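Chemist: Data: input_1.cif, mmCIF, C-alpha atoms.
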data_upload
#
loop_
_atom_site.label_atom_id
_atom_site.label_comp_id
_atom_site.auth_asym_id
_atom_site.auth_seq_id
_atom_site.Cartn_x
_atom_site.Cartn_y
_atom_site.Cartn_z
CA MET A 137 11.10 27.61 20.80
CA LYS A 138 11.23 28.80 17.18
CA ASN A 139 14.69 28.74 15.64
CA ASN A 140 15.11 31.32 12.86
CA ASN A 141 18.20 29.49 11.62
CA ASP A 142 16.23 26.27 11.04
CA PRO A 143 17.09 25.27 7.40
CA ILE A 144 13.56 23.92 6.85
CA ARG A 145 11.95 27.25 7.79
CA GLN A 146 14.49 29.14 5.68
CA GLU A 147 13.80 26.95 2.64
CA ASN A 148 10.06 27.56 3.02
CA LYS A 149 10.66 31.31 3.39
CA ARG A 150 12.67 31.40 0.16
CA ALA A 151 10.01 29.51 -1.85
CA LEU A 152 6.96 31.27 -0.36
CA PRO A 153 7.06 34.60 -2.29
CA LYS A 154 7.03 32.83 -5.68
CA PHE A 155 4.20 30.56 -4.52
CA VAL A 156 2.13 33.55 -3.33
CA LEU A 157 2.83 35.37 -6.60
CA ILE A 158 1.64 32.40 -8.69
CA SER A 159 -1.48 31.93 -6.52
CA VAL A 160 -2.46 35.62 -6.63
CA GLY A 161 -1.66 35.81 -10.36
CA GLY A 162 -3.86 32.76 -10.98
CA MET A 163 -6.75 34.32 -9.02
CA ILE A 164 -6.49 37.61 -10.94
CA LEU A 165 -6.33 35.78 -14.28
CA GLY A 166 -9.35 33.68 -13.35
CA ALA A 167 -11.32 36.76 -12.30
CA VAL A 168 -10.45 38.61 -15.54
CA LEU A 169 -11.41 35.57 -17.64
CA GLY A 170 -14.66 35.13 -15.75
CA VAL A 171 -15.68 38.77 -16.21
CA ALA A 172 -14.65 38.64 -19.87
CA LEU A 173 -16.76 35.52 -20.45
CA VAL A 174 -19.82 37.27 -18.99
CA PHE A 175 -19.31 40.38 -21.15
CA LEU A 176 -18.63 38.29 -24.26
CA ASN A 177 -22.05 36.64 -23.84
CA VAL A 178 -20.50 33.21 -23.71
CA GLU A 179 -23.91 31.49 -23.44
CA ASN A 180 -24.29 31.93 -27.19
CA PHE A 181 -20.84 30.47 -27.63
CA ALA A 182 -21.86 27.54 -25.39
CA ASP A 183 -24.87 26.85 -27.62
CA THR A 184 -22.65 26.99 -30.72
CA LEU A 185 -20.17 24.64 -29.10
CA ASP A 186 -22.98 22.28 -28.11
CA SER A 187 -24.26 22.17 -31.70
CA ALA A 188 -20.76 21.62 -33.04
CA GLY A 189 -20.29 18.79 -30.56
CA ARG A 190 -23.50 17.07 -31.65
CA LEU A 191 -22.52 17.48 -35.31
CA PHE A 192 -19.15 15.90 -34.59
CA ALA A 193 -20.74 13.07 -32.56
CA VAL A 194 -23.28 12.14 -35.21
CA HIS A 195 -21.38 12.82 -38.44
CA GLY A 196 -17.66 13.20 -37.66
CA ALA A 197 -16.88 10.50 -35.08
CA PRO A 198 -18.17 7.49 -37.10
CA TRP A 199 -16.02 8.36 -40.12
CA LEU A 200 -12.96 8.97 -37.98
CA LEU A 201 -13.56 5.63 -36.26
CA MET A 202 -13.66 3.87 -39.62
CA ALA A 203 -10.46 5.61 -40.75
CA LEU A 204 -8.52 5.13 -37.50
CA PRO A 205 -7.30 1.52 -37.97
CA LEU A 206 -6.01 2.38 -41.44
CA VAL A 207 -4.15 5.44 -40.14
CA GLU A 208 -2.69 3.39 -37.29
CA LEU A 209 -1.44 0.71 -39.67
CA ALA A 210 -0.09 3.30 -42.12
CA LEU A 211 1.94 4.93 -39.35
CA CYS A 212 3.17 1.81 -37.54
CA LEU A 213 3.88 -0.79 -40.20
CA PRO A 214 6.71 1.06 -42.03
CA ILE A 215 8.49 1.75 -38.75
CA TYR A 216 7.98 -1.82 -37.49
CA PHE A 217 9.28 -3.44 -40.69
CA SER A 218 12.24 -1.05 -40.75
CA ALA A 219 13.14 -2.11 -37.18
CA LYS A 220 12.66 -5.77 -38.11
CA LYS A 221 15.02 -5.47 -41.11
CA GLN A 222 17.57 -3.68 -38.97
CA PHE A 223 17.40 -6.46 -36.35
CA ALA A 224 17.98 -9.14 -39.01
CA ARG A 225 21.25 -7.34 -39.96
CA TRP A 226 22.28 -6.57 -36.36
CA ASP A 227 25.53 -8.13 -35.11
CA GLY A 228 24.55 -7.89 -31.44
CA GLU A 229 27.31 -5.36 -30.79
CA ASP A 230 26.44 -2.12 -32.62
CA GLU A 231 25.01 0.13 -29.91
CA ASN A 232 23.74 2.82 -32.29
CA ALA A 233 21.75 0.26 -34.25
CA SER A 234 20.22 -1.24 -31.10
CA ASN A 235 19.26 2.24 -29.81
CA GLU A 236 17.66 3.03 -33.17
CA MET A 237 15.67 -0.19 -33.17
CA GLU A 238 14.47 0.36 -29.61
CA THR A 239 13.44 3.93 -30.45
CA LYS A 240 11.42 2.71 -33.43
CA LEU A 241 9.65 0.04 -31.38
CA SER A 242 8.93 2.55 -28.59
CA VAL A 243 7.50 5.08 -31.04
CA CYS A 244 5.23 2.38 -32.52
CA LEU A 245 4.06 1.35 -29.06
CA TRP A 246 3.23 4.97 -28.28
CA ILE A 247 1.26 5.28 -31.54
CA THR A 248 -0.78 2.14 -30.75
CA SER A 249 -1.51 3.41 -27.22
CA MET A 250 -2.65 6.79 -28.50
CA ALA A 251 -4.73 5.11 -31.22
CA THR A 252 -6.49 3.03 -28.54
CA ILE A 253 -7.23 6.11 -26.42
CA LEU A 254 -8.46 8.04 -29.47
CA ASP A 255 -10.59 5.02 -30.37
CA PHE A 256 -12.27 5.10 -26.96
CA PHE A 257 -12.80 8.85 -27.19
CA LEU A 258 -14.37 8.70 -30.65
CA ALA A 259 -16.59 5.81 -29.60
CA ALA A 260 -17.81 7.78 -26.58
CA ALA A 261 -18.41 10.79 -28.85
CA GLN A 262 -20.43 8.62 -31.23
CA PHE A 263 -22.44 7.07 -28.38
CA SER A 264 -23.24 10.55 -27.06
CA GLY A 265 -24.85 11.38 -30.43
CA PHE A 266 -26.99 8.22 -30.36
CA ILE A 267 -29.69 9.62 -28.12
CA GLU A 268 -30.71 12.37 -30.53
CA MET A 269 -34.49 12.73 -30.76
CA GLU A 270 -36.21 11.16 -33.77
CA GLY A 271 -37.02 13.59 -36.57
CA ASN A 272 -34.06 15.73 -35.65
CA PRO A 273 -32.09 16.59 -38.80
CA MET A 274 -28.87 16.10 -36.84
CA ARG A 275 -29.53 12.39 -36.42
CA GLY A 276 -27.04 10.26 -38.33
CA SER A 277 -27.75 7.14 -40.36
CA PRO A 278 -27.61 3.63 -38.83
CA ILE A 279 -24.98 2.74 -41.45
CA ASN A 280 -22.73 5.46 -40.08
CA PHE A 281 -23.33 4.33 -36.53
CA PHE A 282 -22.58 0.66 -37.12
CA GLY A 283 -19.70 1.54 -39.41
CA GLY A 284 -18.24 3.58 -36.57
CA LEU A 285 -18.84 0.76 -34.11
CA GLY A 286 -17.09 -1.63 -36.48
CA GLY A 287 -14.17 0.80 -36.76
CA PHE A 288 -13.96 0.93 -32.97
CA LEU A 289 -13.71 -2.88 -32.72
CA VAL A 290 -11.27 -3.16 -35.63
CA THR A 291 -8.96 -0.53 -34.06
CA LEU A 292 -8.95 -2.47 -30.78
CA TYR A 293 -8.01 -5.64 -32.69
CA VAL A 294 -5.33 -3.88 -34.77
CA SER A 295 -3.82 -2.25 -31.66
CA ALA A 296 -3.71 -5.58 -29.81
CA VAL A 297 -2.03 -7.38 -32.71
CA LEU A 298 0.45 -4.55 -33.33
CA GLN A 299 1.37 -4.42 -29.64
CA GLN A 300 1.90 -8.18 -29.66
CA LYS A 301 4.24 -7.89 -32.67
CA LEU A 302 6.13 -5.00 -31.10
CA VAL A 303 6.53 -6.74 -27.74
CA ASP A 304 7.66 -9.94 -29.48
CA ALA A 305 10.26 -7.95 -31.44
CA THR A 306 11.47 -6.41 -28.16
CA LYS A 307 11.74 -9.88 -26.64
CA ARG A 308 13.80 -11.14 -29.57
CA MET A 309 16.21 -8.25 -29.03
CA ASN A 310 16.18 -8.85 -25.27
CA PRO A 311 15.73 -12.61 -24.66
CA GLU A 312 15.61 -12.17 -20.87
CA LYS A 313 12.22 -10.46 -21.12
CA HIS A 314 9.07 -12.46 -20.36
CA GLY A 315 5.35 -11.95 -20.77
CA SER A 316 2.70 -12.17 -23.45
CA VAL A 317 0.58 -9.17 -24.36
CA TYR A 318 -2.50 -11.39 -24.14
CA ASP A 319 -1.69 -12.40 -20.55
CA THR A 320 -3.73 -10.51 -17.93
CA LYS A 321 -0.59 -10.44 -15.76
CA PHE A 322 1.62 -9.16 -18.58
CA HIS A 323 2.76 -5.99 -16.78
CA LYS A 324 3.67 -7.95 -13.63
CA LYS A 325 5.65 -10.59 -15.56
CA TRP A 326 7.39 -7.97 -17.69
CA MET A 327 8.36 -5.97 -14.61
CA GLU A 328 9.72 -9.12 -12.94
CA SER A 329 11.96 -9.73 -15.95
CA CYS A 330 13.35 -6.18 -15.80
CA ASP A 331 16.68 -5.66 -14.03
CA GLU A 332 17.66 -2.91 -11.57
CA ALA A 333 18.55 -0.29 -14.17
CA GLU A 334 15.38 -0.87 -16.19
CA ARG A 335 13.27 -0.63 -13.03
CA ALA A 336 15.01 2.63 -12.13
CA VAL A 337 14.14 4.00 -15.60
CA ILE A 338 10.54 2.77 -15.29
CA GLY A 339 10.33 4.42 -11.86
CA GLN A 340 11.53 7.78 -13.18
CA CYS A 341 9.17 7.59 -16.17
CA ALA A 342 6.27 6.70 -13.88
CA PHE A 343 7.06 9.68 -11.64
CA LYS A 344 7.12 12.04 -14.63
CA ALA A 345 3.76 10.59 -15.73
CA TYR A 346 2.38 11.09 -12.21
CA GLN A 347 3.49 14.74 -12.20
CA ALA A 348 1.95 15.33 -15.63
CA MET A 349 -1.26 13.60 -14.54
CA SER A 350 -1.56 15.76 -11.42
CA MET A 351 -1.03 18.99 -13.38
CA SER A 352 -3.47 17.89 -16.11
CA CYS A 353 -6.14 17.09 -13.51
CA LEU A 354 -5.76 20.55 -11.98
CA ILE A 355 -6.08 22.27 -15.35
CA LEU A 356 -9.02 20.07 -16.38
CA TRP A 357 -10.79 20.77 -13.10
CA ALA A 358 -10.37 24.50 -13.72
CA VAL A 359 -11.82 24.24 -17.22
CA LEU A 360 -14.61 21.73 -16.45
CA GLY A 361 -15.51 22.96 -12.97
CA LEU A 362 -15.63 26.66 -13.76
CA GLY A 363 -16.98 26.00 -17.27
CA GLY A 364 -20.04 24.43 -15.61
CA MET A 365 -21.24 28.01 -14.99
CA PHE A 366 -21.61 28.53 -18.75
CA PHE A 367 -21.99 25.08 -20.31
CA SER A 368 -24.70 22.55 -19.54
CA TRP A 369 -22.40 19.63 -18.73
CA GLY A 370 -23.14 19.58 -15.01
CA PHE A 371 -20.61 18.48 -12.40
CA MET A 372 -20.00 14.93 -13.73
CA PRO A 373 -16.93 15.83 -15.82
CA ALA A 374 -15.28 17.65 -12.89
CA MET A 375 -16.18 14.76 -10.58
CA THR A 376 -14.58 12.28 -13.02
CA VAL A 377 -11.38 14.31 -13.07
CA CYS A 378 -11.32 14.46 -9.25
CA ILE A 379 -11.78 10.68 -9.03
CA ILE A 380 -8.84 10.07 -11.39
CA TRP A 381 -6.77 12.61 -9.46
CA GLY A 382 -7.66 10.98 -6.14
CA VAL A 383 -6.82 7.49 -7.40
CA GLY A 384 -3.41 8.65 -8.64
CA GLN A 385 -2.57 10.40 -5.38
CA THR A 386 -3.80 7.50 -3.22
CA VAL A 387 -1.91 4.82 -5.16
CA TYR A 388 1.27 6.91 -5.06
CA SER A 389 1.00 7.53 -1.31
CA TYR A 390 0.12 3.88 -0.59
CA TRP A 391 3.22 2.60 -2.40
CA CYS A 392 5.46 5.25 -0.82
CA LEU A 393 4.33 4.02 2.60
CA LYS A 394 4.63 0.37 1.68
CA LEU A 395 8.10 0.64 0.13
CA GLY A 396 9.31 2.79 3.04
CA LYS A 397 8.65 0.02 5.53
CA PRO A 398 11.30 -2.62 6.38
CA GLY A 399 11.29 -5.33 3.73
CA GLY A 400 9.36 -3.14 1.31
CA LYS A 401 10.35 -4.26 -2.18
CA MET A 402 8.65 -4.15 -5.57
CA MET B 293 31.25 10.85 -9.61
CA LEU B 294 31.66 7.24 -10.66
CA ARG B 295 33.86 6.34 -13.63
CA ASN B 296 34.32 2.86 -14.93
CA ARG B 297 36.49 0.70 -17.16
CA LEU B 298 33.83 -1.88 -17.88
CA LYS B 299 34.14 -1.58 -21.65
CA GLU B 300 37.88 -2.35 -21.49
CA ARG B 301 37.30 -5.31 -19.17
CA ARG B 302 34.54 -6.61 -21.43
CA ALA B 303 36.83 -6.32 -24.47
CA ALA B 304 39.53 -8.23 -22.56
CA LEU B 305 36.98 -10.97 -21.92
CA GLY B 306 36.04 -11.04 -25.59
CA VAL B 307 32.28 -10.84 -25.07
CA ASN B 308 29.66 -8.42 -26.36
CA GLN B 309 27.23 -6.46 -24.18
CA GLN B 310 24.48 -9.03 -24.52
CA GLU B 311 26.74 -11.90 -23.49
CA LEU B 312 28.12 -10.00 -20.50
CA GLY B 313 24.56 -9.06 -19.53
CA ARG B 314 23.55 -12.72 -19.65
CA MET B 315 26.52 -13.71 -17.52
CA ALA B 316 25.69 -11.01 -14.96
CA GLY B 317 21.93 -11.62 -15.01
CA VAL B 318 21.08 -8.19 -16.42
CA SER B 319 20.02 -6.82 -19.79
CA ARG B 320 22.22 -5.57 -22.61
CA GLN B 321 20.81 -2.08 -22.03
CA THR B 322 22.02 -2.08 -18.43
CA ILE B 323 25.57 -2.97 -19.51
CA SER B 324 25.36 -0.20 -22.09
CA LEU B 325 24.07 2.31 -19.50
CA ILE B 326 26.88 1.42 -17.10
CA GLU B 327 29.59 1.69 -19.78
CA ARG B 328 28.29 5.11 -20.82
CA GLY B 329 28.31 6.26 -17.19
CA ASP B 330 24.56 6.87 -17.25
CA TYR B 331 23.85 4.34 -14.50
CA SER B 332 25.67 3.43 -11.29
CA PRO B 333 25.17 -0.27 -10.54
CA SER B 334 24.13 -1.61 -7.18
CA VAL B 335 26.79 -3.14 -4.95
CA THR B 336 25.55 -6.62 -5.86
CA LEU B 337 25.83 -5.98 -9.58
CA ALA B 338 29.23 -4.28 -9.26
CA LEU B 339 30.58 -7.28 -7.32
CA THR B 340 29.08 -9.68 -9.86
CA LEU B 341 30.68 -7.85 -12.78
CA ALA B 342 34.05 -7.77 -11.00
CA LYS B 343 33.84 -11.52 -10.33
CA ILE B 344 33.01 -12.24 -13.99
CA CYS B 345 35.93 -10.10 -15.16
CA GLY B 346 38.26 -11.73 -12.62
CA VAL B 347 39.26 -8.44 -11.02
CA THR B 348 38.32 -6.36 -7.98
CA VAL B 349 35.48 -3.83 -7.98
CA GLU B 350 38.04 -1.01 -7.69
CA ASP B 351 39.68 -2.20 -10.91
CA ILE B 352 36.44 -1.51 -12.77
CA PHE B 353 34.76 1.34 -10.87
CA ILE B 354 36.58 4.47 -9.76
CA LEU B 355 35.04 6.98 -7.43
CA GLU B 356 36.24 10.47 -8.24
CA GLU B 357 35.84 13.23 -5.68
CA GLU B 358 34.68 16.61 -7.01
CA ASN B 359 37.98 18.19 -5.91
CA ASP B 360 39.90 15.68 -8.04
CA GLU B 361 37.78 16.64 -11.06
CA LYS B 362 38.37 20.37 -10.53
CA GLN B 363 42.14 19.87 -10.19
CA GLN B 364 42.16 17.93 -13.45
#
Before anything else, please render the file you have as structure tokens.
Modeler:
Amino acid sequence: MKNNNDPIRQENKRALPKFVLISVGGMILGAVLGVALVFLNVENFADTLDSAGRLFAVHGAPWLLMALPLVELALCLPIYFSAKKQFARWDGEDENASNEMETKLSVCLWITSMATILDFFLAAAQFSGFIEMEGNPMRGSPINFFGGLGGFLVTLYVSAVLQQKLVDATKRMNPEKHGSVYDTKFHKKWMESCDEAERAVIGQCAFKAYQAMSMSCLILWAVLGLGGMFFSWGFMPAMTVCIIWGVGQTVYSYWCLKLGKPGGKM
Amino acid sequence: MLRNRLKERRAALGVNQQELGRMAGVSRQTISLIERGDYSPSVTLALTLAKICGVTVEDIFILEEENDEKQQ
């Protein structure tokens, strides 16, 4: 028998109007955008975008790849050396100083991670321009291509070395931490050397990342899936996004089930 | 809400955060988080810290009810 005073039903009732409003609003916005794209003759825009993409792949990406390791070093080294100097002067007690040093090392680690991702993106962009037909004026020079490839490899090397330095600096500040960046089981060993509070922080950060990933996948699907009506990129991009989305959801659900069982412990 | 006097007890012991963390088997950051009130330790860690400081858990950690806070 349905109970109208059931708190679960009441909570759903309270949240439902906003959910319906957002869903209907999204549908109306999508319809308006779709009609607008048809009237704006977006096929011409798609051709322009395609040409711009090829130009970037053949001429832009190689140069950016060659510049990337220098930019990464220019951004990270001053911060790293500043943290290192601060650590040499640190008395082991000053909390503000230790927070500052940890912030600097974290910022550097973020820069190296983003540089690696950008490196992979630019390399993929360059590879996509490789299959241009011969005689096409858009085709880039082999020097550019191999220069870009070299930049890709150098950035990977620079990122690995920088991350090793940053992790080593973190370990000097926190001697209980274990794990080498070059170890394939680095994340496992590092996690094992983290205590309860650090694991709680990692857990919260991971959940925020999971939420951001899920939202990003939804937005990307909307752009890539619906954009397939106007651009000639097929369904592969949308499929890739759905695979990533599915992996994230499955891993999350699997660990929720596993940790919920008796004896479940990370 | 959980308040604590860990900083006072640590000062009485004459150790810094890193040393106390080593004695308790946790990191300096965790000691710092607890002292700031940003992290509530597990029962195991609370008992360990109390044992190191030579006092009871209640001498370090005080549970305040919301009503007590409002009256204050």
Chemist: With a cut-off of 9 Å, could you pull out the residues of chain A touching chain B and give me the nearest pair of atoms for each, distance in Å to one decimal, using all atoms listed in the file, ordered by chain and ascending number, as a tab-separated table?
Modeler:
residue	atom	partner	partner_atom	distance
A:Gly228	CA	B:Gln310	CA	7.0
A:Glu229	CA	B:Asn308	CA	5.9
A:Glu231	CA	B:Ser324	CA	7.8
A:Asn310	CA	B:Ser319	CA	7.0
A:Pro311	CA	B:Ser319	CA	8.7
A:Glu312	CA	B:Ser319	CA	7.0
A:Lys313	CA	B:Ser319	CA	8.7
A:Cys330	CA	B:Ser319	CA	7.8
A:Asp331	CA	B:Val318	CA	5.6
A:Glu332	CA	B:Ser334	CA	7.9
A:Ala333	CA	B:Thr322	CA	5.8
A:Glu334	CA	B:Thr322	CA	7.1
Chemist: Any idea what the distance is between CA of Thr306 in chain A and CA of Leu298 in chain B?
Modeler: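 Separating CA of Thr306 in chain A from CA of Leu298 in chain B is a distance of 25.0 Å.
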Chemist: When you draw a straight line from CA of Gly287 in chain A to CA of Ser187 in chain A, how long is it in Å?
Modeler: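 If I compute the distance from CA of Gly287 in chain A to CA of Ser187 in chain A, I get 24.2 Å.
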Chemist: For Trp326 in chain A, find every residue with an atom within 9 Å (counting all atoms listed in the file), except residues of its own chain fewer than 3 positions away, and show them as a list in words.
Modeler: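 The neighbour list is Lys313, His314, Gly315, Ser316, Lys321, Phe322, His323, Ser329 and Cys330 of chain A.
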Chemist: Would you list the contacts of Val335 in chain B as a list in words, taking every protein, DNA or RNA residue within 12 Å and counting only C-alpha atoms, but skipping same-chain residues closer than 3 positions in sequence?
Modeler: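 Residues near the query, excluding close chain neighbours: Glu332 of chain A; Ser332, Ala338, Leu339, Thr340, Leu341, Ala342, Val349, Glu350 and Phe353 of chain B.
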Chemist: Do you have the CA of Ile380 in chain A-CA of Val337 in chain A distance handy?
Modeler: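 Those two atoms sit 24.1 Å apart.
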Chemist: Spell out the residues picked by the PyMOL selection byres ((chain A and resi 368) around 10) here, as a PyMOL selection string.
Modeler: chain A and resi 179+182-183+186+363-367+369-371
Chemist: Using all atoms listed in the file, pick whichever of A:Asn280, A:Gln300, A:Gln340, A:Ser295 has the shortest atom-to-atom distance to Leu200 in chain A.
Modeler: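 With all atoms listed in the file as the atom set, the closest residue is A:Asn280.
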Chemist: Residues within 9 Å of Met237 in chain A, please, as a VMD selection string. Count all atoms listed in the file; anything in the same chain fewer than 5 positions from it doesn't count.
Modeler: chain A and resid 216 218 to 220 222 to 223 232 242
Chemist: Generate the output file for the selected residues, C-alpha atoms, as a PDB file, keeping the file's coordinate frame.
Modeler:
ATOM      1  CA  TYR A 216       7.980  -1.820 -37.490  1.00  0.00           C
ATOM      2  CA  SER A 218      12.240  -1.050 -40.750  1.00  0.00           C
ATOM      3  CA  ALA A 219      13.140  -2.110 -37.180  1.00  0.00           C
ATOM      4  CA  LYS A 220      12.660  -5.770 -38.110  1.00  0.00           C
ATOM      5  CA  GLN A 222      17.570  -3.680 -38.970  1.00  0.00           C
ATOM      6  CA  PHE A 223      17.400  -6.460 -36.350  1.00  0.00           C
ATOM      7  CA  ASN A 232      23.740   2.820 -32.290  1.00  0.00           C
ATOM      8  CA  SER A 242       8.930   2.550 -28.590  1.00  0.00           C
TER       9      SER A 242
END
Chemist: So that I can check the surroundings of Arg301 in chain B, please list as an NGL selection string every protein, DNA and RNA residue that reaches within 9 Å of it, counting only C-alpha atoms and ignoring chain neighbours fewer than 6 positions away.
Modeler: :B and (345 or 347 or 352)
Chemist: Can you put N, CA, C and O atoms back into range 188-209 of chain A and show it as a CSV table (one decimal), in the frame of the given file?
Modeler:
chain,number,residue,atom,x,y,z
A,188,ALA,N,-21.9,22.2,-32.3
A,188,ALA,CA,-20.8,21.6,-33.0
A,188,ALA,C,-20.4,20.2,-32.5
A,188,ALA,O,-20.1,19.3,-33.3
A,189,GLY,N,-20.6,20.1,-31.2
A,189,GLY,CA,-20.3,18.8,-30.6
A,189,GLY,C,-21.2,17.7,-31.1
A,189,GLY,O,-20.8,16.6,-31.4
A,190,ARG,N,-22.5,18.0,-31.2
A,190,ARG,CA,-23.5,17.1,-31.6
A,190,ARG,C,-23.2,16.7,-33.1
A,190,ARG,O,-23.3,15.5,-33.5
A,191,LEU,N,-22.9,17.7,-33.9
A,191,LEU,CA,-22.5,17.5,-35.3
A,191,LEU,C,-21.4,16.5,-35.4
A,191,LEU,O,-21.4,15.6,-36.2
A,192,PHE,N,-20.3,16.8,-34.6
A,192,PHE,CA,-19.2,15.9,-34.6
A,192,PHE,C,-19.5,14.5,-34.2
A,192,PHE,O,-19.1,13.5,-34.8
A,193,ALA,N,-20.4,14.4,-33.1
A,193,ALA,CA,-20.7,13.1,-32.6
A,193,ALA,C,-21.5,12.2,-33.6
A,193,ALA,O,-21.3,11.0,-33.7
A,194,VAL,N,-22.4,12.9,-34.3
A,194,VAL,CA,-23.3,12.1,-35.2
A,194,VAL,C,-22.6,11.9,-36.6
A,194,VAL,O,-22.8,10.8,-37.2
A,195,HIS,N,-21.9,12.9,-37.1
A,195,HIS,CA,-21.4,12.8,-38.4
A,195,HIS,C,-19.9,12.7,-38.5
A,195,HIS,O,-19.4,12.0,-39.4
A,196,GLY,N,-19.1,13.2,-37.6
A,196,GLY,CA,-17.7,13.2,-37.7
A,196,GLY,C,-17.1,11.9,-37.1
A,196,GLY,O,-16.2,11.3,-37.7
A,197,ALA,N,-17.5,11.6,-35.8
A,197,ALA,CA,-16.9,10.5,-35.1
A,197,ALA,C,-17.0,9.2,-35.8
A,197,ALA,O,-16.0,8.4,-35.9
A,198,PRO,N,-18.1,8.8,-36.4
A,198,PRO,CA,-18.2,7.5,-37.1
A,198,PRO,C,-17.1,7.4,-38.2
A,198,PRO,O,-16.5,6.3,-38.4
A,199,TRP,N,-17.0,8.4,-39.0
A,199,TRP,CA,-16.0,8.4,-40.1
A,199,TRP,C,-14.6,8.3,-39.6
A,199,TRP,O,-13.8,7.6,-40.2
A,200,LEU,N,-14.3,9.0,-38.5
A,200,LEU,CA,-13.0,9.0,-38.0
A,200,LEU,C,-12.7,7.6,-37.4
A,200,LEU,O,-11.6,7.1,-37.5
A,201,LEU,N,-13.7,7.0,-36.8
A,201,LEU,CA,-13.6,5.6,-36.3
A,201,LEU,C,-13.2,4.6,-37.4
A,201,LEU,O,-12.4,3.7,-37.2
A,202,MET,N,-13.9,4.8,-38.5
A,202,MET,CA,-13.7,3.9,-39.6
A,202,MET,C,-12.3,4.1,-40.2
A,202,MET,O,-11.6,3.1,-40.7
A,203,ALA,N,-11.8,5.3,-40.2
A,203,ALA,CA,-10.5,5.6,-40.8
A,203,ALA,C,-9.3,5.3,-39.8
A,203,ALA,O,-8.2,5.0,-40.2
A,204,LEU,N,-9.6,5.2,-38.5
A,204,LEU,CA,-8.5,5.1,-37.5
A,204,LEU,C,-7.6,3.9,-37.7
A,204,LEU,O,-6.4,4.0,-37.6
A,205,PRO,N,-8.2,2.7,-37.9
A,205,PRO,CA,-7.3,1.5,-38.0
A,205,PRO,C,-6.4,1.6,-39.2
A,205,PRO,O,-5.2,1.2,-39.1
A,206,LEU,N,-6.9,2.2,-40.3
A,206,LEU,CA,-6.0,2.4,-41.4
A,206,LEU,C,-4.9,3.4,-41.2
A,206,LEU,O,-3.7,3.1,-41.5
A,207,VAL,N,-5.2,4.4,-40.5
A,207,VAL,CA,-4.2,5.4,-40.1
A,207,VAL,C,-3.1,4.8,-39.2
A,207,VAL,O,-1.9,5.0,-39.4
A,208,GLU,N,-3.6,4.0,-38.2
A,208,GLU,CA,-2.7,3.4,-37.3
A,208,GLU,C,-1.7,2.4,-38.0
A,208,GLU,O,-0.5,2.5,-37.8
A,209,LEU,N,-2.3,1.6,-38.9
A,209,LEU,CA,-1.4,0.7,-39.7
A,209,LEU,C,-0.5,1.5,-40.6
A,209,LEU,O,0.7,1.1,-40.7
